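Chemist: Pasting in a structure now, in structure tokens, and then I'll have a few things to ask.
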Amino acid sequence: MRQSVISVALPDQSYNIAIVPNGFDQLGNWVIVQAEGVNLGRQILLVSNPAIFKLYGDRVVASLTKVGFIVAVHLIPAGEQHKTLASVQKIYDSALKHRLERSSTMVALGGGVVGDMTGFAASTWLRGINFVQVPTSLLAMVDASIGGKTGVNHPKGKNLIGAFHQPRLVFIDPLVLQTLPRREFRAGMAEVIKYGVIGSPGFFEQMEAAEKLSDVQSIAPELLESIVVQSCQAKADVVSQDEKEAGLRAILNYGHTIGHAVESLGNYQDLNHGEAVAVGMVAAGRIAAGMGLWDQENCDRQEALITKAGLPVTLPVVDHGGIVTALLSDKKVKAGKVRFVLPTAIGAVVIRDDVPENLLRSVLAELGESLE
Ligand SMILES: NC(=O)c1ccc[n+]([C@@H]2O[C@H](COP(=O)([O-])OP(=O)(O)OC[C@H]3O[C@@H](n4cnc5c(N)ncnc54)[C@H](O)[C@@H]3O)[C@@H](O)[C@H]2O)c1
Ligand SMILES: [Zn+2]
């Protein structure tokens, strides 16, 4: 089968994203080849959760064992509520038990929760050991596994504890998306659509041309692969130009400013992250139209694509004032001004901190009212 390799070029450590359909049997070889020149040792700690390990663990372990690694397995219960320092402590306990050394490797097999936590454990164990990402959710494939942000949640806030730690390799088998729950697949599609709007008109049009986008089973394998490849390429391009989020990387926050506020108001329950980002993109699109930055036609095209992906275009919370308050306490607010990533075309965005408050309020009211 076809395979694609995307390079994430960074000053200190470049690495590849390999997209290999049905490729888990080749993972071991990929790890060896990609780590050329790096002493990888023999010890691997594979971190996953019970459901994912049950589906794919045997193939992954066999592939790594076949090329000479000694693989120990550490499972963490599924769910964002387990993305904590306490779970990382347990990974350290396994690392100690299985004698992971400076040259050893941690492999994350799972969604963004497993990837973020394993990456953080790898970044801190013995001040940093090798790390390989094997993302299994769409969101982890196209977003969380690329860029080196790792971390865990603090009881008072998401992702407050973390480190930058780049993986040696990101290895993706898009076919594993067949077992991903539908709502999780759609959540990942929000980030995928984001890449189209912020930088890839051709990619956006390709998705517009697809008959269906809302279920992995109704998307042709070639299109699914292409979606994963183009999204990874988009994230890799941005990360390569701005590893530590000094500037350009901010455009990846498209849809996230309002998205985060909606997510935190709903206590992370009403809407999942991708659904909140979808509504956030709709809001940003309408704000952009209201400011005359882009045409109503583009706004409608974006909303049609989001709807086709089975994602929401309305707000479940009626407390619009609460959203505005939450926006002002967002960690990305600079000097009291809310920075919005706003589209100027399908494929181009600008960053603005001068969105009129009355426009913001009226767009939010509009999105809430369409529910009632
Ligand atoms: N590091 C970053 O740059 C970055 C970027 C975006 C998000 N994140 C983080 O990622 C996390 C969200 O990731 P997520 O959406 O993957 O959630 P997740 O890791 O909780 O996975 C979602 C669910 O899908 C299941 N699952 C995953 N792959 C599967 C498969 N192939 N088959 C069956 N079930 C499968 C998981 O077990 C889980 O129950 C959040 O903690 C977020 O903060 C990090
Ligand atoms: Zn996101």
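Within each chain, counting starts at residue 1; across the structure tokens, chains are named A, B, ... in the order shown, with ligands numbered 1 upward in that order.
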Would you mind writing down, as an mmCIF file with N, CA and C atoms, in the first residue's frame, each residue of region 44-197 of chain A that DSSP on the backbone assigns to helix (DSSP H, G or I)?
Modeler:
data_model
loop_
_atom_site.group_PDB
_atom_site.id
_atom_site.type_symbol
_atom_site.label_atom_id
_atom_site.label_comp_id
_atom_site.auth_asym_id
_atom_site.auth_seq_id
_atom_site.Cartn_x
_atom_site.Cartn_y
_atom_site.Cartn_z
ATOM 1 N N PRO A 50 -6.489 0.538 28.006
ATOM 2 C CA PRO A 50 -6.899 -0.862 27.827
ATOM 3 C C PRO A 50 -7.659 -1.116 26.521
ATOM 4 N N ALA A 51 -8.575 -0.191 26.145
ATOM 5 C CA ALA A 51 -9.385 -0.440 24.944
ATOM 6 C C ALA A 51 -8.514 -0.420 23.684
ATOM 7 N N ILE A 52 -7.618 0.530 23.589
ATOM 8 C CA ILE A 52 -6.782 0.639 22.392
ATOM 9 C C ILE A 52 -5.756 -0.499 22.365
ATOM 10 N N PHE A 53 -5.227 -0.804 23.540
ATOM 11 C CA PHE A 53 -4.237 -1.882 23.580
ATOM 12 C C PHE A 53 -4.880 -3.204 23.150
ATOM 13 N N LYS A 54 -6.133 -3.397 23.546
ATOM 14 C CA LYS A 54 -6.821 -4.637 23.176
ATOM 15 C C LYS A 54 -6.950 -4.745 21.648
ATOM 16 N N LEU A 55 -7.222 -3.611 21.020
ATOM 17 C CA LEU A 55 -7.405 -3.611 19.565
ATOM 18 C C LEU A 55 -6.079 -3.765 18.809
ATOM 19 N N TYR A 56 -5.056 -3.048 19.235
ATOM 20 C CA TYR A 56 -3.836 -2.931 18.416
ATOM 21 C C TYR A 56 -2.538 -3.308 19.124
ATOM 22 N N GLY A 57 -2.623 -3.550 20.438
ATOM 23 C CA GLY A 57 -1.406 -3.750 21.217
ATOM 24 C C GLY A 57 -0.549 -4.910 20.732
ATOM 25 N N ASP A 58 -1.177 -6.050 20.457
ATOM 26 C CA ASP A 58 -0.386 -7.237 20.091
ATOM 27 C C ASP A 58 0.448 -6.985 18.838
ATOM 28 N N ARG A 59 -0.181 -6.335 17.845
ATOM 29 C CA ARG A 59 0.553 -6.082 16.591
ATOM 30 C C ARG A 59 1.718 -5.131 16.811
ATOM 31 N N VAL A 60 1.473 -4.132 17.623
ATOM 32 C CA VAL A 60 2.524 -3.137 17.870
ATOM 33 C C VAL A 60 3.678 -3.763 18.665
ATOM 34 N N VAL A 61 3.331 -4.499 19.704
ATOM 35 C CA VAL A 61 4.382 -5.132 20.513
ATOM 36 C C VAL A 61 5.172 -6.126 19.653
ATOM 37 N N ALA A 62 4.468 -6.926 18.840
ATOM 38 C CA ALA A 62 5.157 -7.932 18.008
ATOM 39 C C ALA A 62 6.120 -7.251 17.042
ATOM 40 N N SER A 63 5.676 -6.136 16.476
ATOM 41 C CA SER A 63 6.503 -5.447 15.494
ATOM 42 C C SER A 63 7.782 -4.892 16.128
ATOM 43 N N LEU A 64 7.653 -4.385 17.356
ATOM 44 C CA LEU A 64 8.819 -3.820 18.050
ATOM 45 C C LEU A 64 9.744 -4.938 18.545
ATOM 46 N N THR A 65 9.145 -6.034 18.987
ATOM 47 C CA THR A 65 9.924 -7.157 19.502
ATOM 48 C C THR A 65 10.730 -7.814 18.379
ATOM 49 N N LYS A 66 10.090 -7.900 17.219
ATOM 50 C CA LYS A 66 10.707 -8.552 16.054
ATOM 51 C C LYS A 66 12.066 -7.936 15.693
ATOM 52 N N GLU A 80 -9.948 11.907 29.719
ATOM 53 C CA GLU A 80 -9.246 13.153 30.044
ATOM 54 C C GLU A 80 -9.004 13.285 31.552
ATOM 55 N N GLN A 81 -9.907 12.741 32.363
ATOM 56 C CA GLN A 81 -9.758 12.881 33.824
ATOM 57 C C GLN A 81 -8.534 12.147 34.344
ATOM 58 N N HIS A 82 -7.956 11.288 33.503
ATOM 59 C CA HIS A 82 -6.742 10.585 33.932
ATOM 60 C C HIS A 82 -5.467 11.247 33.414
ATOM 61 N N LEU A 85 -0.856 14.355 36.856
ATOM 62 C CA LEU A 85 0.474 14.028 37.367
ATOM 63 C C LEU A 85 0.467 12.664 38.048
ATOM 64 N N ALA A 86 -0.664 12.295 38.651
ATOM 65 C CA ALA A 86 -0.732 10.989 39.317
ATOM 66 C C ALA A 86 -0.535 9.859 38.298
ATOM 67 N N SER A 87 -1.119 10.018 37.103
ATOM 68 C CA SER A 87 -0.915 8.991 36.065
ATOM 69 C C SER A 87 0.533 8.987 35.595
ATOM 70 N N VAL A 88 1.124 10.179 35.485
ATOM 71 C CA VAL A 88 2.528 10.256 35.060
ATOM 72 C C VAL A 88 3.420 9.585 36.109
ATOM 73 N N GLN A 89 3.076 9.797 37.373
ATOM 74 C CA GLN A 89 3.842 9.148 38.454
ATOM 75 C C GLN A 89 3.856 7.627 38.257
ATOM 76 N N LYS A 90 2.706 7.094 37.833
ATOM 77 C CA LYS A 90 2.635 5.642 37.622
ATOM 78 C C LYS A 90 3.484 5.213 36.422
ATOM 79 N N ILE A 91 3.547 6.099 35.404
ATOM 80 C CA ILE A 91 4.430 5.782 34.263
ATOM 81 C C ILE A 91 5.884 5.753 34.752
ATOM 82 N N TYR A 92 6.252 6.735 35.617
ATOM 83 C CA TYR A 92 7.615 6.726 36.172
ATOM 84 C C TYR A 92 7.884 5.425 36.936
ATOM 85 N N ASP A 93 6.876 4.961 37.695
ATOM 86 C CA ASP A 93 7.058 3.719 38.455
ATOM 87 C C ASP A 93 7.380 2.563 37.503
ATOM 88 N N SER A 94 6.659 2.530 36.369
ATOM 89 C CA SER A 94 6.937 1.465 35.390
ATOM 90 C C SER A 94 8.315 1.644 34.770
ATOM 91 N N ALA A 95 8.675 2.908 34.519
ATOM 92 C CA ALA A 95 9.987 3.175 33.924
ATOM 93 C C ALA A 95 11.098 2.663 34.845
ATOM 94 N N LEU A 96 10.889 2.872 36.132
ATOM 95 C CA LEU A 96 11.877 2.420 37.116
ATOM 96 C C LEU A 96 11.911 0.897 37.168
ATOM 97 N N LYS A 97 10.719 0.324 37.228
ATOM 98 C CA LYS A 97 10.614 -1.139 37.325
ATOM 99 C C LYS A 97 11.275 -1.823 36.123
ATOM 100 N N GLY A 112 -4.927 11.652 22.043
ATOM 101 C CA GLY A 112 -4.139 12.762 22.563
ATOM 102 C C GLY A 112 -3.857 12.663 24.057
ATOM 103 N N VAL A 113 -4.750 12.040 24.799
ATOM 104 C CA VAL A 113 -4.535 11.908 26.241
ATOM 105 C C VAL A 113 -3.295 11.059 26.511
ATOM 106 N N VAL A 114 -3.242 9.901 25.880
ATOM 107 C CA VAL A 114 -2.075 9.018 26.043
ATOM 108 C C VAL A 114 -0.814 9.705 25.503
ATOM 109 N N GLY A 115 -0.948 10.359 24.358
ATOM 110 C CA GLY A 115 0.222 10.994 23.732
ATOM 111 C C GLY A 115 0.793 12.129 24.571
ATOM 112 N N ASP A 116 -0.079 13.002 25.077
ATOM 113 C CA ASP A 116 0.381 14.144 25.881
ATOM 114 C C ASP A 116 1.067 13.682 27.166
ATOM 115 N N MET A 117 0.458 12.675 27.786
ATOM 116 C CA MET A 117 0.996 12.198 29.064
ATOM 117 C C MET A 117 2.302 11.439 28.897
ATOM 118 N N THR A 118 2.322 10.589 27.878
ATOM 119 C CA THR A 118 3.536 9.806 27.644
ATOM 120 C C THR A 118 4.683 10.730 27.245
ATOM 121 N N GLY A 119 4.359 11.712 26.412
ATOM 122 C CA GLY A 119 5.390 12.665 25.994
ATOM 123 C C GLY A 119 5.948 13.429 27.172
ATOM 124 N N PHE A 120 5.063 13.792 28.103
ATOM 125 C CA PHE A 120 5.526 14.529 29.287
ATOM 126 C C PHE A 120 6.401 13.629 30.160
ATOM 127 N N ALA A 121 5.974 12.371 30.323
ATOM 128 C CA ALA A 121 6.794 11.432 31.108
ATOM 129 C C ALA A 121 8.161 11.264 30.434
ATOM 130 N N ALA A 122 8.166 11.142 29.097
ATOM 131 C CA ALA A 122 9.438 10.966 28.374
ATOM 132 C C ALA A 122 10.306 12.217 28.470
ATOM 133 N N SER A 123 9.672 13.385 28.532
ATOM 134 C CA SER A 123 10.456 14.624 28.577
ATOM 135 C C SER A 123 11.146 14.809 29.922
ATOM 136 N N THR A 124 10.617 14.178 30.946
ATOM 137 C CA THR A 124 11.139 14.404 32.295
ATOM 138 C C THR A 124 11.899 13.208 32.855
ATOM 139 N N TRP A 125 11.605 12.009 32.396
ATOM 140 C CA TRP A 125 12.300 10.843 32.931
ATOM 141 C C TRP A 125 13.790 10.938 32.572
ATOM 142 N N LEU A 126 14.633 10.932 33.577
ATOM 143 C CA LEU A 126 16.084 11.074 33.370
ATOM 144 C C LEU A 126 16.398 12.316 32.522
ATOM 145 N N ARG A 127 15.618 13.358 32.720
ATOM 146 C CA ARG A 127 15.732 14.644 32.005
ATOM 147 C C ARG A 127 15.492 14.521 30.502
ATOM 148 N N LEU A 138 -8.276 10.582 15.311
ATOM 149 C CA LEU A 138 -8.027 11.548 14.234
ATOM 150 C C LEU A 138 -7.390 12.816 14.809
ATOM 151 N N LEU A 139 -7.892 13.262 15.968
ATOM 152 C CA LEU A 139 -7.345 14.482 16.572
ATOM 153 C C LEU A 139 -5.863 14.304 16.920
ATOM 154 N N ALA A 140 -5.519 13.152 17.442
ATOM 155 C CA ALA A 140 -4.116 12.918 17.793
ATOM 156 C C ALA A 140 -3.258 12.830 16.537
ATOM 157 N N MET A 141 -3.790 12.213 15.472
ATOM 158 C CA MET A 141 -3.008 12.080 14.231
ATOM 159 C C MET A 141 -2.674 13.431 13.611
ATOM 160 N N VAL A 142 -3.701 14.294 13.540
ATOM 161 C CA VAL A 142 -3.520 15.534 12.766
ATOM 162 C C VAL A 142 -3.114 16.726 13.628
ATOM 163 N N ASP A 143 -3.115 16.539 14.944
ATOM 164 C CA ASP A 143 -2.865 17.702 15.799
ATOM 165 C C ASP A 143 -1.961 17.362 16.980
ATOM 166 N N ALA A 144 -2.485 16.599 17.955
ATOM 167 C CA ALA A 144 -1.780 16.437 19.235
ATOM 168 C C ALA A 144 -0.404 15.790 19.106
ATOM 169 N N PRO A 174 -3.791 5.195 9.186
ATOM 170 C CA PRO A 174 -5.131 5.812 9.151
ATOM 171 C C PRO A 174 -6.257 4.787 9.234
ATOM 172 N N LEU A 175 -5.987 3.528 8.933
ATOM 173 C CA LEU A 175 -7.064 2.527 8.954
ATOM 174 C C LEU A 175 -7.589 2.271 10.367
ATOM 175 N N VAL A 176 -6.797 2.590 11.385
ATOM 176 C CA VAL A 176 -7.296 2.361 12.749
ATOM 177 C C VAL A 176 -8.450 3.302 13.095
ATOM 178 N N LEU A 177 -8.658 4.308 12.252
ATOM 179 C CA LEU A 177 -9.789 5.227 12.507
ATOM 180 C C LEU A 177 -11.127 4.507 12.361
ATOM 181 N N GLN A 178 -11.105 3.348 11.707
ATOM 182 C CA GLN A 178 -12.348 2.575 11.540
ATOM 183 C C GLN A 178 -12.973 2.203 12.879
ATOM 184 N N THR A 179 -12.153 2.079 13.923
ATOM 185 C CA THR A 179 -12.715 1.679 15.228
ATOM 186 C C THR A 179 -12.947 2.877 16.154
ATOM 187 N N ARG A 182 -17.706 7.460 16.599
ATOM 188 C CA ARG A 182 -18.082 8.458 15.603
ATOM 189 C C ARG A 182 -17.922 9.897 16.093
ATOM 190 N N ARG A 183 -18.308 10.120 17.339
ATOM 191 C CA ARG A 183 -18.218 11.489 17.856
ATOM 192 C C ARG A 183 -16.759 11.950 17.938
ATOM 193 N N GLU A 184 -15.867 11.025 18.235
ATOM 194 C CA GLU A 184 -14.426 11.351 18.295
ATOM 195 C C GLU A 184 -13.901 11.645 16.887
ATOM 196 N N PHE A 185 -14.385 10.891 15.919
ATOM 197 C CA PHE A 185 -13.942 11.131 14.538
ATOM 198 C C PHE A 185 -14.340 12.542 14.107
ATOM 199 N N ARG A 186 -15.581 12.893 14.383
ATOM 200 C CA ARG A 186 -16.069 14.217 13.982
ATOM 201 C C ARG A 186 -15.281 15.321 14.680
ATOM 202 N N ALA A 187 -14.949 15.082 15.940
ATOM 203 C CA ALA A 187 -14.178 16.092 16.678
ATOM 204 C C ALA A 187 -12.851 16.354 15.957
ATOM 205 N N GLY A 188 -12.226 15.297 15.484
ATOM 206 C CA GLY A 188 -10.967 15.473 14.746
ATOM 207 C C GLY A 188 -11.186 16.216 13.438
ATOM 208 N N MET A 189 -12.353 16.006 12.824
ATOM 209 C CA MET A 189 -12.649 16.695 11.560
ATOM 210 C C MET A 189 -12.699 18.212 11.726
ATOM 211 N N ALA A 190 -13.007 18.690 12.927
ATOM 212 C CA ALA A 190 -13.018 20.143 13.143
ATOM 213 C C ALA A 190 -11.613 20.710 12.915
ATOM 214 N N GLU A 191 -10.601 20.020 13.430
ATOM 215 C CA GLU A 191 -9.221 20.498 13.235
ATOM 216 C C GLU A 191 -8.833 20.380 11.752
ATOM 217 N N VAL A 192 -9.326 19.335 11.112
ATOM 218 C CA VAL A 192 -9.027 19.121 9.688
ATOM 219 C C VAL A 192 -9.580 20.284 8.855
ATOM 220 N N ILE A 193 -10.838 20.632 9.127
ATOM 221 C CA ILE A 193 -11.456 21.755 8.396
ATOM 222 C C ILE A 193 -10.690 23.045 8.697
ATOM 223 N N LYS A 194 -10.250 23.183 9.943
ATOM 224 C CA LYS A 194 -9.456 24.357 10.326
ATOM 225 C C LYS A 194 -8.248 24.510 9.400
ATOM 226 N N TYR A 195 -7.539 23.421 9.128
ATOM 227 C CA TYR A 195 -6.353 23.521 8.258
ATOM 228 C C TYR A 195 -6.721 24.026 6.869
ATOM 229 N N GLY A 196 -7.889 23.599 6.386
ATOM 230 C CA GLY A 196 -8.337 24.085 5.083
ATOM 231 C C GLY A 196 -8.555 25.590 5.106
ATOM 232 N N VAL A 197 -9.250 26.068 6.134
ATOM 233 C CA VAL A 197 -9.590 27.498 6.184
ATOM 234 C C VAL A 197 -8.347 28.357 6.405
#
Chemist: Residues within 8 Å of Val363 (chain A), please, as a count of residues only. Count only C-alpha atoms; anything in the same chain fewer than 6 positions from it doesn't count.
Modeler: 3
Chemist: How would you report the residues lying within 7 Å of ligand 2, as JSON, numbers by chain, if you count only C-alpha atoms and all ligand atoms?
Modeler: {"A": [191, 256, 273, 274, 277]}
Chemist: Those same residues, written as a short mmCIF file (atom, residue, chain, number, x, y, z; two decimals), in the first residue's frame with N, CA and C atoms?
Modeler:
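That gives us part.cif:
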data_model
loop_
_atom_site.label_atom_id
_atom_site.label_comp_id
_atom_site.auth_asym_id
_atom_site.auth_seq_id
_atom_site.Cartn_x
_atom_site.Cartn_y
_atom_site.Cartn_z
N GLU A 191 -10.60 20.02 13.43
CA GLU A 191 -9.22 20.50 13.23
C GLU A 191 -8.83 20.38 11.75
N HIS A 256 -10.43 28.52 18.15
CA HIS A 256 -10.16 28.07 19.51
C HIS A 256 -10.43 29.15 20.56
N HIS A 273 -14.02 18.99 22.56
CA HIS A 273 -13.12 20.02 22.04
C HIS A 273 -13.40 20.34 20.57
N GLY A 274 -13.51 19.33 19.76
CA GLY A 274 -13.72 19.55 18.33
C GLY A 274 -15.04 20.24 18.04
N VAL A 277 -14.65 23.81 18.88
CA VAL A 277 -13.85 24.49 17.85
C VAL A 277 -14.71 24.75 16.60
#
Chemist: Determine the nearest neighbour of Glu208 (chain A) from the options A:Leu293, A:Val152, A:Ala78, A:Ile346, counting only C-alpha atoms.
Modeler: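 Checking each of A:Leu293, A:Val152, A:Ala78, A:Ile346 against Glu208 (chain A), counting only C-alpha atoms, the winner is A:Ile346.
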Chemist: Taking only C-alpha atoms and all ligand atoms into account, which of A:Ala9, A:Val216, A:Ala18, A:Ile44 comes nearest ligand 1?
Modeler: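 Checking each candidate against ligand 1, we get A:Val216 as the closest.
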Chemist: Extract the full set of strand (DSSP E) residues from region 62-217 of chain A according to DSSP on the backbone, and format it as an MDAnalysis selection string.
Modeler: chainID A and resid 70:75 105:110 130:135 149:154 157:164 169:172
